[in-house]
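In what follows, a single structure is set out as C-alpha cells and then discussed.
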Amino acid sequence: MLLELKKTMIYGPVNSRRLGRSLGINILPSEVKVCPFNCVYCQYGWTKIHTSQIIQDSELPSVQAIKDALEVALKTLSIPPAYITFSGNGEPTAHPDFGQITEEVTAIRHRLAPEAKTAVLSNSALVSHDSVLEALLKFDLRIMKLDCGHPKTFEKYNQPAKSIDLEAITAGLIELSRLRDVIIQTLVSSGQGGNLMEKNITEWIERLKRIKPLSVQLYTLDRPYPASDLKPASEQELNQLKDQAQKEGIAIEVF
Ligand code: SF4
C-alpha cells in the first residue's frame, strides 16, 4: 500500500538514514501531492497536481502558519533535532513563498535551536529559476535529485511536467554547486521501467562530472511504489554502479 500524505506542516522528529534526527517541514497542502515530477516510484502514488509553474494556491500553508507551527514544535521538543528538513507532500520549491519561508525558518532556527542545521530535499525541477536557486543557497545542506542522464529515461522515469527539461536542470545544478556544496540523491530501480540502462548511466555520470557535487547518495526502492514494471536494484547492481562512478572521480555512497 502507498504511503499517506503528511497531515501536518511539522512532523517528526524522524530518524532519517541520511540525516539522523530530523524535524520535517511540509510546506505543501495536506490533502494532495504537488510536484513538477510524477516519478514511477513515488511513495505517495501518482501526482495529481503536476505543475512546472511555481504554484499559487489558496490551500497552501501560509508563511505565518508555517512559522507558528515550527515555533510550537521547537519549544515543545526537549532535545533539539540535528536537522530541520524541508520535505513532505511533493516539491517544496514549488511553493511561491519558498524564499521567504526559508528566511523565516532560518531565523527561528537561530533563535530556538541554534545547534540544528537546515536541509532541503528537492527534486531539482525548478533549480534553474533564479528565486529558487537563491533560496536554496540559504540552507546548510542541499540534497538534490538527479536520477537520470538520458533525456528519454528522464521523461519515462521522473515524468516531468511540460517545459521541464533535463538540460536546464543540469545547468541549474552546475550553478548551485559552483556557489555552495550540493549533494545529489539518485534512486535507481531495476526492471523494464527502471533507470539502470547502460546509456542512461553513462550520461548520468557525465552530468555528475559537470555538476561536481560534494557527493552522491545512491539508493533503491524500499517503500511502496505505483508502477508495476519496477523492482529494487540488487546489492550487486548498486555496488557496480558505485564502482563505475568512483572510477570517474565521483564521491558516492550507497544507502
Ligand atoms: S519528486 Fe518526489 S514527491 Fe515528486 S513525484 Fe518524485 S518521488 Fe514523488
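Naming works like this for the C-alpha cells: A, B, ... for the chains as they're shown, residue 1 at the start of each chain, ligands 1 onward in shown order.
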
message = Distance limit 9 Å, reference ligand 1, atoms considered: only C-alpha atoms and all ligand atoms. Which residues make the cut? Give them as number ranges by chain.
response = A: 33-47, 50, 87-91, 121-125, 145, 158-160

Next, the residues of the selection above should be written as a compact mmCIF listing (two decimals), in the first residue's frame with N, CA and C atoms.
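Once written, part-v2.txt looks like this:
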```txt
# COMPACT_ATOMS: atom_id res chain seq x y z
N LYS A 33 -0.67 15.77 -3.26
CA LYS A 33 0.74 15.95 -3.59
C LYS A 33 0.86 16.98 -4.72
N VAL A 34 1.78 17.91 -4.56
CA VAL A 34 2.03 18.94 -5.59
C VAL A 34 3.47 18.76 -6.04
N CYS A 35 3.67 18.43 -7.30
CA CYS A 35 5.03 18.14 -7.73
C CYS A 35 5.19 18.34 -9.24
N PRO A 36 6.30 18.91 -9.69
CA PRO A 36 6.55 19.00 -11.12
C PRO A 36 6.99 17.67 -11.72
N PHE A 37 7.17 16.65 -10.90
CA PHE A 37 7.51 15.31 -11.38
C PHE A 37 6.36 14.36 -11.05
N ASN A 38 6.40 13.21 -11.71
CA ASN A 38 5.44 12.14 -11.43
C ASN A 38 6.24 10.84 -11.47
N CYS A 39 7.17 10.71 -10.54
CA CYS A 39 8.12 9.59 -10.59
C CYS A 39 7.39 8.25 -10.49
N VAL A 40 7.88 7.30 -11.28
CA VAL A 40 7.23 5.98 -11.30
C VAL A 40 7.36 5.25 -9.97
N TYR A 41 8.26 5.73 -9.12
CA TYR A 41 8.48 5.05 -7.84
C TYR A 41 7.94 5.84 -6.65
N CYS A 42 7.15 6.89 -6.88
CA CYS A 42 6.79 7.80 -5.77
C CYS A 42 5.99 7.07 -4.69
N GLN A 43 6.44 7.17 -3.48
CA GLN A 43 5.80 6.50 -2.33
C GLN A 43 4.38 7.00 -2.09
N TYR A 44 4.06 8.20 -2.63
CA TYR A 44 2.72 8.77 -2.44
C TYR A 44 1.79 8.47 -3.62
N GLY A 45 2.27 7.72 -4.61
CA GLY A 45 1.43 7.40 -5.76
C GLY A 45 1.56 8.46 -6.84
N TRP A 46 0.64 8.41 -7.82
CA TRP A 46 0.74 9.32 -8.97
C TRP A 46 0.41 10.75 -8.56
N THR A 47 1.11 11.70 -9.21
CA THR A 47 0.94 13.12 -8.90
C THR A 47 -0.38 13.62 -9.48
N HIS A 50 0.33 18.42 -11.05
CA HIS A 50 1.59 18.19 -11.74
C HIS A 50 1.92 19.49 -12.45
N SER A 87 10.72 18.88 3.35
CA SER A 87 10.41 17.72 2.51
C SER A 87 8.89 17.67 2.44
N GLY A 88 8.28 16.49 2.50
CA GLY A 88 6.81 16.46 2.60
C GLY A 88 6.10 16.11 1.33
N ASN A 89 4.90 16.71 1.14
CA ASN A 89 3.95 16.23 0.12
C ASN A 89 4.25 16.75 -1.29
N GLY A 90 5.43 16.50 -1.77
CA GLY A 90 5.80 16.92 -3.13
C GLY A 90 7.08 17.72 -3.11
N GLU A 91 7.12 18.77 -3.93
CA GLU A 91 8.36 19.52 -4.12
C GLU A 91 8.28 20.88 -3.40
N LEU A 121 15.27 18.67 0.83
CA LEU A 121 15.26 17.57 -0.13
C LEU A 121 14.45 18.06 -1.32
N SER A 122 15.11 18.21 -2.45
CA SER A 122 14.44 18.79 -3.62
C SER A 122 14.62 17.87 -4.82
N ASN A 123 13.64 17.92 -5.74
CA ASN A 123 13.79 17.10 -6.96
C ASN A 123 14.54 17.86 -8.06
N SER A 124 14.97 19.07 -7.80
CA SER A 124 15.78 19.88 -8.73
C SER A 124 15.00 20.44 -9.91
N ALA A 125 13.71 20.13 -10.03
CA ALA A 125 12.97 20.53 -11.23
C ALA A 125 12.99 22.03 -11.47
N LYS A 145 17.85 15.95 -6.32
CA LYS A 145 17.65 14.72 -7.09
C LYS A 145 18.24 14.80 -8.50
N ASN A 158 10.95 9.96 -14.38
CA ASN A 158 10.53 11.07 -13.50
C ASN A 158 9.28 11.76 -14.01
N GLN A 159 8.91 11.52 -15.29
CA GLN A 159 7.70 12.09 -15.89
C GLN A 159 7.52 13.57 -15.51
N PRO A 160 8.43 14.43 -15.98
CA PRO A 160 8.33 15.84 -15.62
C PRO A 160 7.14 16.51 -16.30
```

ask   = Leaving out Thr8 of chain A and any residue of its chain fewer than 4 positions from it, which residues lie within 12 Å of it when counting only C-alpha atoms, given as a count of residues only?
value = 20

task = From the DSSP assignment of the backbone, select every residue of segment 21-230 of chain A that is helix (DSSP H, G or I), and format the answer as a count of residues only.
result = 74

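Of the listed residues A:Leu77, A:Gln64, A:Leu136, A:Ile164, the one whose atoms come nearest to Glu104 of chain A is A:Gln64, with distances taken using only C-alpha atoms.
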
ask   = Quick one: residues within 8 Å of Ser163 of chain A, only C-alpha atoms counted, chain neighbours fewer than 2 positions away excluded, as a list in words?
value =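 The filter keeps Ser52, Ala161 and Asp165 of chain A.
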
remark   = Separating atom CA of Thr102 of chain A from atom CA of Arg18 of chain A, to the nearest tenth of an Å, is a gap of 21.1 Å

request  = Pick out the residues sitting within 8 Å of Ile174 of chain A, and hand them over as a VMD selection string; count only C-alpha atoms, and ignore anything fewer than 2 positions along from it in its own chain.
outcome  = chain A and resid 170 to 172 176 to 178 210 to 212

task = Please run DSSP on the backbone and report, as a list in words, all residues within segment 87-250 of chain A that come out as strand (DSSP E or B).
result =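 Checking each residue of segment 87-250 of chain A, the strand (DSSP E or B) ones are Ser87, Gly90, Lys117, Thr118, Ala119, Val120, Leu121, Ser122, Leu141, Arg142, Ile143, Met144, Lys145, Ile183, Ile184, Gln185, Thr186, Leu187, Val188, Ser189, Ser190, Ser215, Val216, Gln217, Leu218, Tyr219, Thr220, Lys231 and Pro232 of chain A.
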
request  = Pick out the residues sitting within 8 Å of Glu203 of chain A, and hand them over as a list in words; count only C-alpha atoms, and ignore anything fewer than 2 positions along from it in its own chain.
outcome  =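 What passes the distance filter is Cys148, Gly149, His150, Lys199, Asn200, Ile201, Ile205, Glu206 and Arg207 of chain A.
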
Preceding selection exported with C-alpha atoms as a compact mmCIF listing (two decimals), in the first residue's frame:
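out-v8.txt written:
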```
# COMPACT_ATOMS: atom_id res chain seq x y z
CA CYS A 148 18.69 10.06 -14.95
CA GLY A 149 21.26 11.12 -17.51
CA HIS A 150 19.43 10.34 -20.74
CA LYS A 199 23.18 4.59 -21.94
CA ASN A 200 21.31 6.31 -19.12
CA ILE A 201 24.01 5.50 -16.57
CA ILE A 205 27.90 10.01 -14.85
CA GLU A 206 28.74 12.63 -17.50
CA ARG A 207 26.21 15.05 -15.97
```

query = Leaving out Phe255 of chain A and any residue of its chain fewer than 6 positions from it, which residues lie within 9 Å of it when counting only C-alpha atoms, given as a PyMOL selection string?
reply = chain A and resi 17-18+217-220

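For the atom pair formed by atom CA of Ile84 of chain A and atom CA of Ala119 of chain A, the distance is 6.1 Å, given to one decimal.
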
query = Just how far from atom CA of Pro80 of chain A is atom CA of Leu19 of chain A, in Å to one decimal?
reply = 13.6 Å

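Here the question is which of A:Pro226, A:Pro232, A:Gly191, A:Gly99 gets nearest to His129 of chain A using only C-alpha atoms, and that residue is A:Gly99.
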
inquiry  = Here is a test: counting only C-alpha atoms, which residue of A:Leu214, A:Ala168, A:Met9, A:Ala82 is nearest to Arg21 of chain A?
reply    =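 Between A:Leu214, A:Ala168, A:Met9, A:Ala82, the residue approaching Arg21 of chain A most closely is A:Ala82.
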
inquiry  = I'd like to know which of A:Ala113, A:Leu187, A:Leu74, A:Val14 is closest to Leu221 of chain A, using only C-alpha atoms.
reply    =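 That would be A:Leu187, the residue with the smallest distance to Leu221 of chain A.
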